[in-house]
$ cat my_file-v9.txt   # compact mmCIF, C-alpha atoms and all ligand atoms
# COMPACT_ATOMS: atom_id res chain seq x y z
CA MET E 930 16.44 -25.42 -11.51
CA VAL E 931 14.38 -24.11 -8.65
CA ASN E 932 14.64 -26.36 -5.68
CA LEU E 933 11.05 -26.91 -4.69
CA SER E 934 11.72 -28.92 -1.60
CA THR E 935 13.59 -26.24 0.30
CA PRO E 936 12.15 -26.54 3.78
CA SER E 937 10.08 -23.63 5.00
CA ALA E 938 11.85 -21.22 7.29
CA ALA E 939 10.64 -20.88 10.84
CA SER E 940 8.55 -17.82 10.16
CA ASN E 941 5.48 -18.38 8.06
CA ASP E 942 6.05 -15.17 6.14
CA ARG E 943 9.54 -16.25 5.22
CA ALA E 944 8.61 -19.60 3.75
CA VAL E 945 10.36 -20.01 0.43
CA PHE E 946 8.64 -22.91 -1.27
CA ASP E 947 5.88 -24.71 0.42
CA ALA E 948 4.72 -27.39 -1.95
CA PRO E 949 7.11 -30.26 -2.61
CA ARG E 950 7.23 -31.37 -6.19
CA ASN E 951 6.11 -34.95 -6.78
CA ASP E 952 5.01 -37.15 -9.68
CA SER E 953 1.40 -36.00 -9.60
CA ASN E 954 1.97 -32.25 -9.61
CA HIS E 955 5.12 -32.17 -11.72
CA LYS E 956 3.29 -31.24 -14.90
CA ALA E 957 1.38 -28.42 -13.22
CA PHE E 958 4.62 -26.99 -11.86
CA SER E 959 6.18 -27.06 -15.32
CA VAL E 960 3.19 -25.12 -16.63
CA LEU E 961 3.49 -22.56 -13.83
CA GLU E 962 7.12 -21.99 -14.78
CA THR E 963 5.84 -20.63 -18.09
CA VAL E 964 3.44 -18.11 -16.56
CA MET E 965 5.40 -14.88 -16.58
CA ASP E 966 5.09 -11.63 -14.70
CA PRO E 967 3.85 -9.01 -17.20
CA GLU E 968 6.13 -6.35 -15.69
CA ILE E 969 9.28 -8.50 -15.72
CA PRO E 970 8.62 -10.95 -18.53
CA THR E 971 11.63 -13.18 -17.81
CA LEU E 972 10.34 -14.06 -14.34
CA SER E 973 7.71 -16.71 -13.78
CA VAL E 974 5.25 -16.90 -10.93
CA MET E 975 7.42 -19.72 -9.58
CA ASP E 976 10.56 -17.54 -9.65
CA LEU E 977 8.69 -14.84 -7.77
CA GLY E 978 7.45 -17.23 -5.09
CA MET E 979 3.82 -16.49 -5.87
CA ILE E 980 2.70 -20.11 -5.67
CA THR E 981 2.38 -21.70 -2.24
CA ASN E 982 0.70 -24.98 -3.08
CA VAL E 983 -0.23 -27.16 -6.03
CA ALA E 984 -2.49 -30.17 -5.65
CA VAL E 985 -3.39 -32.46 -8.53
CA SER E 986 -5.82 -35.33 -8.71
CA ASP E 987 -6.76 -36.86 -12.06
CA ASN E 988 -7.52 -33.92 -14.33
CA THR E 989 -8.13 -31.47 -11.55
CA VAL E 990 -5.56 -29.01 -10.32
CA SER E 991 -5.82 -26.52 -7.51
CA VAL E 992 -3.24 -23.84 -6.97
CA ARG E 993 -2.74 -21.42 -4.13
CA PHE E 994 -1.66 -18.05 -5.40
CA LEU E 995 0.07 -15.37 -3.32
CA PRO E 996 -0.03 -11.84 -4.78
CA THR E 997 2.92 -9.49 -4.23
CA PHE E 998 2.03 -5.85 -3.49
CA VAL E 999 -1.61 -5.34 -2.38
CA ALA E 1000 -2.26 -2.76 -5.09
CA CYS E 1001 -0.32 -4.53 -7.85
CA PRO E 1002 -2.44 -3.96 -10.97
CA ALA E 1003 -1.17 -7.17 -12.54
CA THR E 1004 -2.61 -9.49 -9.89
CA SER E 1005 -5.86 -10.44 -11.59
CA TYR E 1006 -4.14 -10.59 -14.97
CA ILE E 1007 -1.56 -13.06 -13.63
CA ARG E 1008 -4.26 -15.10 -11.95
CA ASN E 1009 -6.16 -15.38 -15.23
CA ASN E 1010 -2.99 -16.38 -17.01
CA ILE E 1011 -2.38 -19.16 -14.51
CA GLU E 1012 -5.88 -20.52 -15.09
CA GLU E 1013 -5.56 -20.29 -18.85
CA ALA E 1014 -2.16 -21.93 -18.96
CA LEU E 1015 -3.31 -24.86 -16.85
CA HIS E 1016 -6.47 -25.33 -18.94
CA HIS E 1017 -4.39 -25.13 -22.05
CA ALA E 1018 -2.07 -27.84 -20.72
CA GLY E 1019 -5.03 -30.21 -20.48
CA PHE E 1020 -6.32 -29.87 -16.94
CA LYS E 1021 -10.10 -30.13 -17.13
CA SER E 1022 -10.78 -28.41 -13.86
CA VAL E 1023 -8.58 -25.60 -12.58
CA GLN E 1024 -8.98 -23.79 -9.33
CA VAL E 1025 -6.81 -20.86 -8.30
CA ASP E 1026 -7.34 -19.65 -4.74
CA LEU E 1027 -5.78 -16.65 -3.11
CA GLU E 1028 -3.33 -17.59 -0.39
CA THR E 1029 -4.40 -15.75 2.72
CA GLU E 1030 -2.44 -17.66 5.33
CA MET E 1031 0.79 -15.80 4.73
CA ASN E 1032 2.22 -12.67 3.18
CA TRP E 1033 4.42 -12.35 0.19
CA THR E 1034 7.84 -10.90 0.92
CA SER E 1035 10.75 -10.35 -1.43
CA ALA E 1036 12.56 -13.15 0.42
CA ARG E 1037 10.25 -15.52 -1.46
CA ILE E 1038 12.00 -14.78 -4.77
CA SER E 1039 14.05 -17.86 -5.62
CA GLU E 1040 17.78 -17.88 -6.28
CA LEU E 1041 17.05 -18.39 -9.96
CA GLY E 1042 14.57 -15.52 -9.81
CA ARG E 1043 17.23 -13.25 -8.32
CA LYS E 1044 19.66 -14.19 -11.09
CA LYS E 1045 16.99 -13.48 -13.69
CA LEU E 1046 16.28 -10.09 -12.13
CA GLU E 1047 19.98 -9.16 -12.34
CA ALA E 1048 20.13 -10.39 -15.94
CA PHE E 1049 17.07 -8.28 -16.71
CA GLY E 1050 19.06 -5.25 -15.49
CA LEU E 1051 16.86 -4.85 -12.44
CA GLY E 1052 18.81 -5.29 -9.22
CA ALA E 1053 17.46 -8.05 -6.98
CA PRO E 1054 16.01 -6.90 -3.65
CA VAL E 1055 18.39 -6.68 -0.71
CA ALA E 1056 17.54 -8.98 2.15
CA ILE E 1057 15.75 -7.20 4.95
CA ASP E 1058 15.14 -8.73 8.29
CA GLY E 1059 11.80 -7.54 9.55
CA VAL E 1060 11.64 -3.76 9.38
CA LEU E 1061 12.95 -1.87 6.42
CA ASP E 1062 15.04 1.18 7.13
CA PHE E 1063 16.41 3.83 4.87
CA ALA E 1064 20.06 2.75 5.11
CA GLN E 1065 19.17 -0.60 3.57
CA ILE E 1066 18.05 0.92 0.30
CA GLU E 1067 20.23 4.03 0.16
CA HIS E 1068 23.42 2.60 -1.40
CA VAL E 1069 22.43 -0.61 -3.13
CA ALA E 1070 24.73 -2.32 -5.64
CA CYS E 1071 24.56 -1.19 -9.25
CA PRO E 1072 23.38 -4.04 -11.54
CA HIS E 1073 25.64 -2.78 -14.34
CA CYS E 1074 29.04 -2.49 -12.60
CA GLY E 1075 28.46 -3.80 -9.07
CA SER E 1076 29.54 -0.54 -7.41
CA THR E 1077 27.83 0.51 -4.20
CA ASN E 1078 28.82 4.11 -4.79
CA THR E 1079 25.18 4.71 -5.71
CA GLU E 1080 22.37 6.88 -4.49
CA LEU E 1081 18.65 6.42 -4.13
CA ARG E 1082 16.76 8.74 -6.45
CA SER E 1083 13.26 7.63 -5.56
CA MET E 1084 11.54 4.94 -3.56
CA PHE E 1085 8.92 4.78 -6.27
CA GLY E 1086 9.90 3.56 -9.72
CA SER E 1087 8.06 2.79 -12.93
CA THR E 1088 6.04 0.07 -11.17
CA LEU E 1089 5.05 -0.40 -7.52
CA CYS E 1090 7.76 -2.99 -6.94
CA ARG E 1091 10.69 -0.87 -8.18
CA SER E 1092 12.87 1.91 -6.78
CA ILE E 1093 15.09 4.26 -8.82
CA HIS E 1094 18.84 4.66 -8.23
CA TYR E 1095 21.88 6.30 -9.81
CA CYS E 1096 25.39 4.89 -10.02
CA ASN E 1097 28.12 7.46 -9.41
CA ASP E 1098 30.75 5.17 -10.93
CA CYS E 1099 29.26 4.12 -14.25
CA LYS E 1100 27.01 7.21 -14.35
CA GLN E 1101 23.88 5.26 -15.19
CA GLY E 1102 20.48 5.23 -13.65
CA PHE E 1103 18.98 1.88 -12.70
CA GLU E 1104 15.96 0.37 -11.01
CA ARG E 1105 15.85 -2.29 -8.33
CA PHE E 1106 13.18 -4.64 -7.13
CA LYS E 1107 12.08 -3.23 -3.77
CA PRO E 1108 12.53 -5.36 -0.67
CA LEU E 1109 9.26 -6.01 1.15
CA MET S 376 -20.03 -6.22 16.88
CA ASN S 377 -20.50 -6.43 13.11
CA GLU S 378 -21.66 -2.84 12.92
CA ALA S 379 -18.55 -1.70 14.79
CA ILE S 380 -16.16 -3.53 12.47
CA LYS S 381 -18.05 -2.35 9.41
CA ASP S 382 -17.79 1.23 10.57
CA LEU S 383 -14.05 0.84 11.15
CA LEU S 384 -13.52 -0.66 7.69
CA TYR S 385 -15.53 2.09 6.04
CA ARG S 386 -13.58 4.78 7.87
CA MET S 387 -10.26 3.32 6.77
CA ALA S 388 -11.24 2.49 3.22
CA ASP S 389 -12.93 5.83 2.56
CA ASP S 390 -9.87 7.70 3.84
CA GLU S 391 -7.67 5.69 1.49
CA LEU S 392 -9.94 6.04 -1.51
CA ILE S 393 -10.28 9.79 -1.17
CA ILE S 394 -6.67 10.60 -0.37
CA GLY S 395 -5.61 8.23 -3.13
CA HIS S 396 -7.77 10.18 -5.52
CA ARG S 397 -6.30 13.46 -4.30
CA ASN S 398 -2.71 12.23 -4.58
CA SER S 399 -3.36 10.98 -8.10
CA GLU S 400 -4.11 14.57 -9.06
CA TRP S 401 -0.35 15.20 -8.87
CA THR S 402 0.22 13.02 -11.92
CA GLY S 403 1.83 15.33 -14.47
CA LEU S 404 2.09 18.19 -11.99
CA GLY S 405 4.84 17.09 -9.59
CA PRO S 406 7.73 19.51 -9.01
CA ILE S 407 10.19 16.95 -10.42
CA LEU S 408 9.53 13.77 -12.36
CA GLU S 409 10.50 11.49 -9.45
CA GLU S 410 7.93 13.17 -7.22
CA ASP S 411 5.33 12.90 -9.92
CA ILE S 412 5.92 9.14 -9.99
CA ALA S 413 6.06 8.94 -6.20
CA PHE S 414 2.67 10.54 -5.70
CA SER S 415 1.16 8.41 -8.45
CA SER S 416 2.56 5.25 -6.85
CA ILE S 417 1.38 6.25 -3.40
CA ALA S 418 -2.06 6.96 -4.84
CA GLN S 419 -2.09 3.56 -6.53
CA ASP S 420 -1.21 1.88 -3.21
CA GLN S 421 -3.88 3.82 -1.36
CA ILE S 422 -6.64 3.00 -3.82
CA GLY S 423 -5.50 -0.64 -3.70
CA HIS S 424 -5.72 -0.60 0.09
CA ALA S 425 -9.19 0.92 -0.12
CA VAL S 426 -10.30 -1.87 -2.46
CA ALA S 427 -8.83 -4.47 -0.10
CA ASN S 428 -10.88 -3.06 2.78
CA TYR S 429 -14.04 -2.79 0.65
CA THR S 430 -13.43 -6.42 -0.28
CA LEU S 431 -13.47 -7.39 3.41
CA LEU S 432 -16.79 -5.55 3.74
CA ASN S 433 -18.12 -7.46 0.77
CA GLU S 434 -16.86 -10.89 1.78
CA HIS S 435 -17.55 -10.79 5.50
CA PHE S 436 -20.45 -8.40 5.97
CA GLY S 437 -22.53 -8.76 2.83
CA GLU S 438 -21.86 -5.24 1.61
CA PRO S 439 -21.87 -4.65 -2.17
CA VAL S 440 -18.80 -5.31 -4.32
CA PRO S 441 -15.96 -2.74 -4.08
CA ASP S 442 -16.87 -0.78 -7.23
CA VAL S 443 -20.43 -0.33 -6.07
CA ILE S 444 -19.34 0.68 -2.57
CA ALA S 445 -16.85 3.17 -3.95
CA PHE S 446 -19.00 4.74 -6.63
CA SER S 447 -22.63 4.43 -5.59
CA ARG S 448 -22.79 6.08 -2.19
CA ASN S 449 -23.67 9.68 -1.61
CA GLU S 450 -21.53 12.12 0.32
CA LYS S 451 -23.38 11.58 3.61
CA GLU S 452 -22.55 7.90 3.53
CA PHE S 453 -18.82 8.47 3.32
CA ARG S 454 -16.90 8.02 6.56
CA CYS S 455 -13.61 9.63 5.55
CA SER S 456 -12.03 12.35 7.67
CA GLN S 457 -12.28 15.87 6.28
CA PHE S 458 -8.47 15.94 6.13
CA VAL S 459 -8.32 13.70 3.06
CA GLU S 460 -10.94 15.71 1.16
CA LEU S 461 -9.02 18.97 1.11
CA PRO S 462 -7.69 20.00 -2.30
CA ILE S 463 -4.06 19.19 -3.04
CA GLY S 464 -2.95 22.80 -2.47
CA ASP S 465 0.72 23.42 -3.12
CA TYR S 466 3.34 20.71 -3.01
CA ALA S 467 4.21 21.60 0.59
CA PHE S 468 0.64 20.97 1.70
CA SER S 469 0.29 17.67 -0.16
CA LEU S 470 3.64 16.51 1.19
CA MET S 471 2.72 17.47 4.75
CA ARG S 472 -0.64 15.71 4.43
CA HIS S 473 1.15 12.64 3.07
CA PHE S 474 3.53 12.73 6.06
CA LEU S 475 0.80 13.14 8.69
CA PHE S 476 -1.61 10.70 7.07
CA ASP S 477 0.81 7.91 6.23
CA HIS S 478 2.34 7.87 9.70
CA ALA S 479 -1.16 7.48 11.09
CA GLU S 480 -1.87 4.71 8.58
CA SER S 481 1.37 2.97 9.28
CA LEU S 482 0.71 2.85 13.03
CA ARG S 483 -2.91 1.88 12.49
CA TYR S 484 -2.03 -1.12 10.36
CA ALA S 485 0.84 -2.13 12.63
CA ARG S 486 -1.65 -2.28 15.52
CA LEU S 487 -4.37 -3.94 13.45
CA SER S 488 -2.02 -6.78 12.62
CA ASP S 489 -2.89 -8.02 16.14
CA SER S 490 -6.64 -7.49 15.65
CA SER S 491 -8.96 -10.20 16.94
CA PHE S 492 -10.80 -9.93 13.60
CA ALA S 493 -8.49 -12.31 11.74
CA PRO S 494 -9.18 -11.25 8.13
CA LEU S 495 -8.29 -7.66 9.02
CA ALA S 496 -5.19 -8.75 10.93
CA ALA S 497 -4.01 -10.69 7.87
CA LEU S 498 -4.56 -7.71 5.56
CA ALA S 499 -2.88 -5.35 8.02
CA LYS S 500 0.25 -7.51 8.12
CA LYS S 501 0.47 -7.24 4.37
CA ILE S 502 -0.16 -3.52 4.15
CA LYS S 503 2.09 -2.37 7.00
CA GLY S 504 5.26 -3.43 5.16
CA GLU S 505 4.25 -1.49 2.05
CA LEU S 506 3.49 1.62 4.08
CA LYS S 507 7.09 1.73 5.21
CA TYR S 508 7.94 3.11 1.77
CA HIS S 509 5.36 5.84 2.18
CA THR S 510 6.68 7.01 5.53
CA LEU S 511 10.34 6.80 4.44
CA HIS S 512 9.47 8.90 1.42
CA ALA S 513 7.56 11.46 3.46
CA ASP S 514 10.27 11.67 6.14
CA LEU S 515 12.97 12.25 3.56
CA TRP S 516 11.17 15.14 1.88
CA VAL S 517 9.83 16.74 5.02
CA LYS S 518 13.39 16.85 6.32
CA LYS S 519 14.84 18.05 3.01
CA LEU S 520 12.36 20.93 2.66
CA GLY S 521 12.12 21.72 6.36
CA MET S 522 15.91 22.12 6.45
CA GLY S 523 16.11 23.64 2.96
CA THR S 524 15.88 27.29 2.04
CA GLU S 525 14.14 29.89 4.14
CA GLU S 526 11.25 29.80 1.71
CA SER S 527 10.89 26.01 1.67
CA HIS S 528 10.98 25.98 5.47
CA ALA S 529 8.33 28.69 5.69
CA ARG S 530 6.06 26.83 3.26
CA MET S 531 6.41 23.60 5.18
CA GLN S 532 5.63 25.30 8.48
CA THR S 533 2.56 26.97 6.94
CA ALA S 534 1.46 23.61 5.55
CA LEU S 535 1.85 22.01 8.97
CA ASN S 536 -0.14 24.78 10.65
CA GLU S 537 -2.95 24.35 8.13
CA ALA S 538 -2.94 20.57 8.06
CA PHE S 539 -2.61 19.78 11.74
CA PRO S 540 -6.16 20.59 12.97
CA TYR S 541 -7.55 18.47 10.15
CA ALA S 542 -5.03 15.68 10.74
CA LEU S 543 -6.35 15.33 14.28
CA GLY S 544 -9.70 14.53 12.67
CA ILE S 545 -8.22 11.21 11.51
CA PHE S 546 -8.59 10.13 15.13
CA GLU S 547 -12.19 11.27 15.62
CA PRO S 548 -13.63 8.49 17.76
CA SER S 549 -16.71 6.69 16.54
CA LYS S 550 -19.63 5.58 18.68
CA TYR S 551 -18.23 2.05 18.47
CA GLU S 552 -14.95 2.98 20.10
CA GLU S 553 -15.38 1.15 23.39
CA GLU S 554 -16.73 -1.93 21.70
CA LEU S 555 -13.79 -2.10 19.27
CA VAL S 556 -11.28 -1.74 22.10
CA ALA S 557 -13.05 -4.18 24.44
CA GLU S 558 -13.26 -6.84 21.73
CA LYS S 559 -9.61 -6.21 20.80
CA ILE S 560 -10.52 -5.37 17.23
CA ALA S 561 -8.47 -2.16 17.40
CA ILE S 562 -6.57 -0.18 20.01
CA GLY S 563 -8.86 2.82 19.72
CA GLU S 564 -8.41 6.25 18.19
CA THR S 565 -7.19 7.99 21.34
CA ALA S 566 -4.37 5.52 21.90
CA LEU S 567 -3.50 5.67 18.23
CA GLN S 568 -3.31 9.45 18.28
CA THR S 569 -0.93 9.35 21.24
CA GLU S 570 1.37 6.93 19.43
CA TRP S 571 1.19 9.07 16.31
CA LEU S 572 2.20 12.23 18.17
CA ASP S 573 5.12 10.32 19.68
CA VAL S 574 6.31 9.32 16.22
CA ILE S 575 5.81 12.56 14.29
CA SER S 576 7.02 15.00 16.94
CA PRO S 577 10.75 14.09 16.83
CA LEU S 578 10.64 13.80 13.03
CA LEU S 579 9.20 17.30 12.72
CA GLN S 580 11.70 18.63 15.22
CA ARG S 581 14.53 17.10 13.21
CA ALA S 582 13.16 18.96 10.17
CA ASN S 583 13.16 22.20 12.16
CA LEU S 584 9.35 22.38 12.15
CA THR S 585 7.14 23.18 15.11
CA LEU S 586 3.93 21.33 15.89
CA PRO S 587 1.26 23.97 16.58
CA LYS S 588 -0.15 24.09 20.09
CA LEU S 589 -3.81 23.62 19.50
CA PRO S 590 -6.82 24.07 21.75
CA ILE S 591 -8.82 20.84 21.69
CA LYS S 592 -11.88 22.55 20.23
CA GLU S 593 -9.99 23.36 17.05
CA ARG S 594 -9.72 19.75 16.01
CA VAL S 595 -11.69 19.23 12.82
CA TYR S 596 -14.18 16.47 13.52
CA GLY S 597 -17.32 15.42 11.64
CA GLY S 598 -16.11 13.34 8.71
CA ARG S 599 -16.57 10.06 10.56
CA GLN S 600 -20.24 10.93 11.05
CA GLY S 601 -20.84 11.94 7.46
CA TYR S 602 -20.26 15.69 7.76
CA HIS S 603 -17.90 16.75 5.03
CA THR S 604 -16.25 19.79 3.51
CA GLU S 605 -17.53 21.44 0.35
CA TYR S 606 -14.70 19.67 -1.48
CA LEU S 607 -15.92 16.09 -1.17
CA GLN S 608 -18.99 16.17 -3.42
CA PRO S 609 -17.17 17.62 -6.47
CA LEU S 610 -14.47 14.97 -5.98
CA LEU S 611 -17.10 12.22 -5.86
CA ASP S 612 -18.77 13.62 -8.98
CA GLU S 613 -15.51 13.52 -10.83
CA MET S 614 -14.56 10.09 -9.52
CA THR S 615 -17.90 8.54 -10.39
CA GLU S 616 -18.14 10.10 -13.82
CA VAL S 617 -16.22 7.26 -15.43
CA TYR S 618 -18.27 4.74 -13.48
CA ARG S 619 -21.57 6.25 -14.55
CA LEU S 620 -20.46 6.18 -18.16
CA ASP S 621 -19.35 2.56 -17.96
CA PRO S 622 -19.98 0.61 -14.76
CA ALA S 623 -17.90 -2.28 -16.10
CA ALA S 624 -14.73 -0.22 -16.62
CA THR S 625 -11.86 -1.50 -14.55
CA TRP S 626 -9.80 0.89 -12.46
ZN ZN A 1201 27.40 1.21 -11.99
$ encode --input "my_file-v9.txt" --output "structure tokens"
Amino acid sequence: MVNLSTPSAASNDRAVFDAPRNDSNHKAFSVLETVMDPEIPTLSVMDLGMITNVAVSDNTVSVRFLPTFVACPATSYIRNNIEEALHHAGFKSVQVDLETEMNWTSARISELGRKKLEAFGLGAPVAIDGVLDFAQIEHVACPHCGSTNTELRSMFGSTLCRSIHYCNDCKQGFERFKPL
Amino acid sequence: MNEAIKDLLYRMADDELIIGHRNSEWTGLGPILEEDIAFSSIAQDQIGHAVANYTLLNEHFGEPVPDVIAFSRNEKEFRCSQFVELPIGDYAFSLMRHFLFDHAESLRYARLSDSSFAPLAALAKKIKGELKYHTLHADLWVKKLGMGTEESHARMQTALNEAFPYALGIFEPSKYEEELVAEKIAIGETALQTEWLDVISPLLQRANLTLPKLPIKERVYGGRQGYHTEYLQPLLDEMTEVYRLDPAATW
């Protein structure tokens, strides 16, 4: 299970989960765990760290939503799905606001999310501290065999959040979730 | 002050919209499939960044919604530099433009992340991390082709010679320059250009390419004041065609 009470890291941008789960918002969180990313359908918005706060009172729920890449075409689609799912679960009034106080980074993907990415065959993003450099993405581990005898084929994969690699050991191409 | 910030946002967003449109023209034409995807992805990012800036104009300055801003203005109202309007040319030219433009963008957003206009600072923090992929991509290929065969080197040098006078037009100062600097909205185009030259010079040198020595009068200015090349209007016509057919179409 995702640990929702992990304390925020010192840097605002590096916060992992911001809203502690409690009795009143528990149901809303469970609903959010069923709202999946259209590009990686095994990952929920919770796994991706796209939710920064959930507040519930009576039948009203308000959610703060943090998009990933600025140009991600799925952003409004996901936002609509969040609203629909919460309505469907019985919340009379649903408000989804864009989180503007912080930026999404790949460090926000939960441990469970990283495991799901690997299981999906998409390598989880390497941890970057601050500025990305080429060496960090040049020889990433292959999600099929674990080898790091790999090469970067392109920084731009089939979606904005993926890069393309090739494994020299198992001779297979693979994609990874890009660190941001 | 509002007019100065609006002008800055229009300059940035129009650059991104137009170059994004140009780069998207590589879809299906790239020299190898990976490069086809790369230019499409970069274009997608750039158009997304344009929309984000148009959204700031809409939310903070009462300008129309992004679609209307993007598709309902005439050529004279665009504030993009002439550099981004130029046709895609050969792959060497598009790659060189991508290199010169994205380094400028990357530095611009890095500096704007300290802007006193908080909504822009927040957006800049978000965008600057994404632009790292653009500059890494450009650096890789500029080096590869600059150091490649005699022909690839010659094409890259030609592309640089052609692109450079236009690239300097990115930094054409506006009449709001002093105001933007004094109010700490931005560091100003002159300072930005100096930083940019400091970044691109060693990278070009490493790729065995020579930055042309250019008399100041050969810089291509005008775009920021609404003077454009013959290439902008046809691009706008094409871009707005879909919009005129169906203003509700999403893009
Ligand atoms: Zn492998």
$ atom_distance --input "my_file-v9.txt" --atom1 "CA of Glu1080 in chain E" --atom2 "CA of Ser399 in chain S"
26.3 Å
$ interface_residues --input "my_file-v9.txt" --of "chain E" --to "chain S" --cutoff "9 Å" --atoms "all atoms listed in the file" --output "JSON, numbers by chain"
{"E": [998, 999, 1000, 1001, 1002, 1029, 1030, 1031, 1032, 1033, 1034, 1059, 1060, 1061, 1062, 1063, 1082, 1083, 1084, 1085, 1086, 1087, 1088, 1089, 1093, 1109]}
$ atom_distance --input "my_file-v9.txt" --atom1 "CA of Gly544 in chain S" --atom2 "CA of Thr402 in chain S"
26.6 Å
$ residues_near_ligand --input "my_file-v9.txt" --ligand "ligand ZN 1201 (chain A)" --cutoff "7 Å" --atoms "only C-alpha atoms and all ligand atoms" --output "list in words"
Cys1071, Pro1072, His1073, Cys1074, Gly1075, Ser1076, Cys1096, Asn1097, Asp1098, Cys1099, Lys1100 and Gln1101 of chain E
$ write_last_selection --input "my_file-v9.txt" --atoms "C-alpha atoms" --output "compact mmCIF listing (two decimals), keeping the file's coordinate frame"
# COMPACT_ATOMS: atom_id res chain seq x y z
CA CYS E 1071 24.56 -1.19 -9.25
CA PRO E 1072 23.38 -4.04 -11.54
CA HIS E 1073 25.64 -2.78 -14.34
CA CYS E 1074 29.04 -2.49 -12.60
CA GLY E 1075 28.46 -3.80 -9.07
CA SER E 1076 29.54 -0.54 -7.41
CA CYS E 1096 25.39 4.89 -10.02
CA ASN E 1097 28.12 7.46 -9.41
CA ASP E 1098 30.75 5.17 -10.93
CA CYS E 1099 29.26 4.12 -14.25
CA LYS E 1100 27.01 7.21 -14.35
CA GLN E 1101 23.88 5.26 -15.19
$ residues_around --input "my_file-v9.txt" --residues "range 980-991 of chain E" --least-positions-apart "6" --cutoff "12 Å" --atoms "only C-alpha atoms" --output "number ranges by chain"
E: 933-934, 937, 941-962, 964, 973-974, 997, 1007-1008, 1011-1012, 1014-1016, 1018-1033, 1037-1039
$ residues_near_point --input "my_file-v9.txt" --point "(-7.9, -9.0, 17.2)" --cutoff "7 Å" --atoms "all atoms listed in the file" --output "PyMOL selection string"
chain S and resi 489-493+496+559-561
$ atom_distance --input "my_file-v9.txt" --atom1 "CA of Asp442 in chain S" --atom2 "CA of Asn1009 in chain E"
19.8 Å
$ closest_residue --input "my_file-v9.txt" --among "S:Lys518, S:Ser481, S:Phe436, S:Leu555" --to "Glu570 in chain S" --atoms "all atoms listed in the file"
S:Ser481
$ axis_aligned_box --input "my_file-v9.txt" --around "range 562-579 of chain S" --padding-each-side "8 Å" --output "AutoDock Vina command-line options"
--center_x 0.9 --center_y 8.6 --center_z 17.3 --size_x 35.6 --size_y 33.5 --size_z 25.2
$ closest_residue --input "my_file-v9.txt" --among "S:Glu547, S:Lys381, S:Gln608, S:Trp571" --to "Asn433 in chain S" --atoms "all atoms listed in the file"
S:Lys381
$ residues_around --input "my_file-v9.txt" --residues "Asp514 in chain S" --least-positions-apart "4" --cutoff "9 Å" --atoms "all atoms listed in the file" --output "PyMOL selection string"
chain S and resi 474+509-510+518-519+578-579+582
$ residues_around --input "my_file-v9.txt" --residues "range 528-535 of chain S" --least-positions-apart "6" --cutoff "7 Å" --atoms "only C-alpha atoms" --output "list in words"
Ala467, Phe468, Met471, Leu520, Gly521, Met522 and Leu584 of chain S
$ residues_around --input "my_file-v9.txt" --residues "Met979 in chain E" --least-positions-apart "5" --cutoff "7 Å" --atoms "only C-alpha atoms" --output "PyMOL selection string"
chain E and resi 974+994-996
$ closest_residue --input "my_file-v9.txt" --among "S:Leu506, S:Leu404, S:Ala542, S:Ala445" --to "Leu589 in chain S" --atoms "all atoms listed in the file"
S:Ala542
$ closest_residue --input "my_file-v9.txt" --among "S:Ile394, S:Leu495, S:Leu607, S:Ala479" --to "Ala566 in chain S" --atoms "only C-alpha atoms"
S:Ala479
$ build_atoms --input "my_file-v9.txt" --residues "range 1083-1089 of chain E" --atoms "N, CA, C and O atoms" --output "PDB file, in the coordinates of the input"
ATOM      1  N   SER E1083      14.654   7.651  -6.011  1.00  0.00           N
ATOM      2  CA  SER E1083      13.260   7.630  -5.560  1.00  0.00           C
ATOM      3  C   SER E1083      12.858   6.247  -5.093  1.00  0.00           C
ATOM      4  O   SER E1083      13.280   5.248  -5.654  1.00  0.00           O
ATOM      5  N   MET E1084      12.058   6.221  -4.045  1.00  0.00           N
ATOM      6  CA  MET E1084      11.540   4.940  -3.560  1.00  0.00           C
ATOM      7  C   MET E1084      10.450   4.387  -4.446  1.00  0.00           C
ATOM      8  O   MET E1084       9.994   3.281  -4.257  1.00  0.00           O
ATOM      9  N   PHE E1085      10.014   5.210  -5.405  1.00  0.00           N
ATOM     10  CA  PHE E1085       8.920   4.780  -6.270  1.00  0.00           C
ATOM     11  C   PHE E1085       9.373   4.816  -7.714  1.00  0.00           C
ATOM     12  O   PHE E1085       9.673   5.882  -8.242  1.00  0.00           O
ATOM     13  N   GLY E1086       9.440   3.652  -8.341  1.00  0.00           N
ATOM     14  CA  GLY E1086       9.900   3.560  -9.720  1.00  0.00           C
ATOM     15  C   GLY E1086       8.752   3.419 -10.695  1.00  0.00           C
ATOM     16  O   GLY E1086       7.614   3.791 -10.401  1.00  0.00           O
ATOM     17  N   SER E1087       9.061   2.846 -11.864  1.00  0.00           N
ATOM     18  CA  SER E1087       8.060   2.790 -12.930  1.00  0.00           C
ATOM     19  C   SER E1087       6.921   1.820 -12.608  1.00  0.00           C
ATOM     20  O   SER E1087       5.868   1.887 -13.210  1.00  0.00           O
ATOM     21  N   THR E1088       7.140   0.900 -11.664  1.00  0.00           N
ATOM     22  CA  THR E1088       6.040   0.070 -11.170  1.00  0.00           C
ATOM     23  C   THR E1088       6.148   0.039  -9.649  1.00  0.00           C
ATOM     24  O   THR E1088       7.178   0.420  -9.095  1.00  0.00           O
ATOM     25  N   LEU E1089       5.089  -0.431  -8.983  1.00  0.00           N
ATOM     26  CA  LEU E1089       5.050  -0.400  -7.520  1.00  0.00           C
ATOM     27  C   LEU E1089       6.216  -1.131  -6.886  1.00  0.00           C
ATOM     28  O   LEU E1089       6.646  -0.805  -5.799  1.00  0.00           O
TER      29      LEU E1089
END
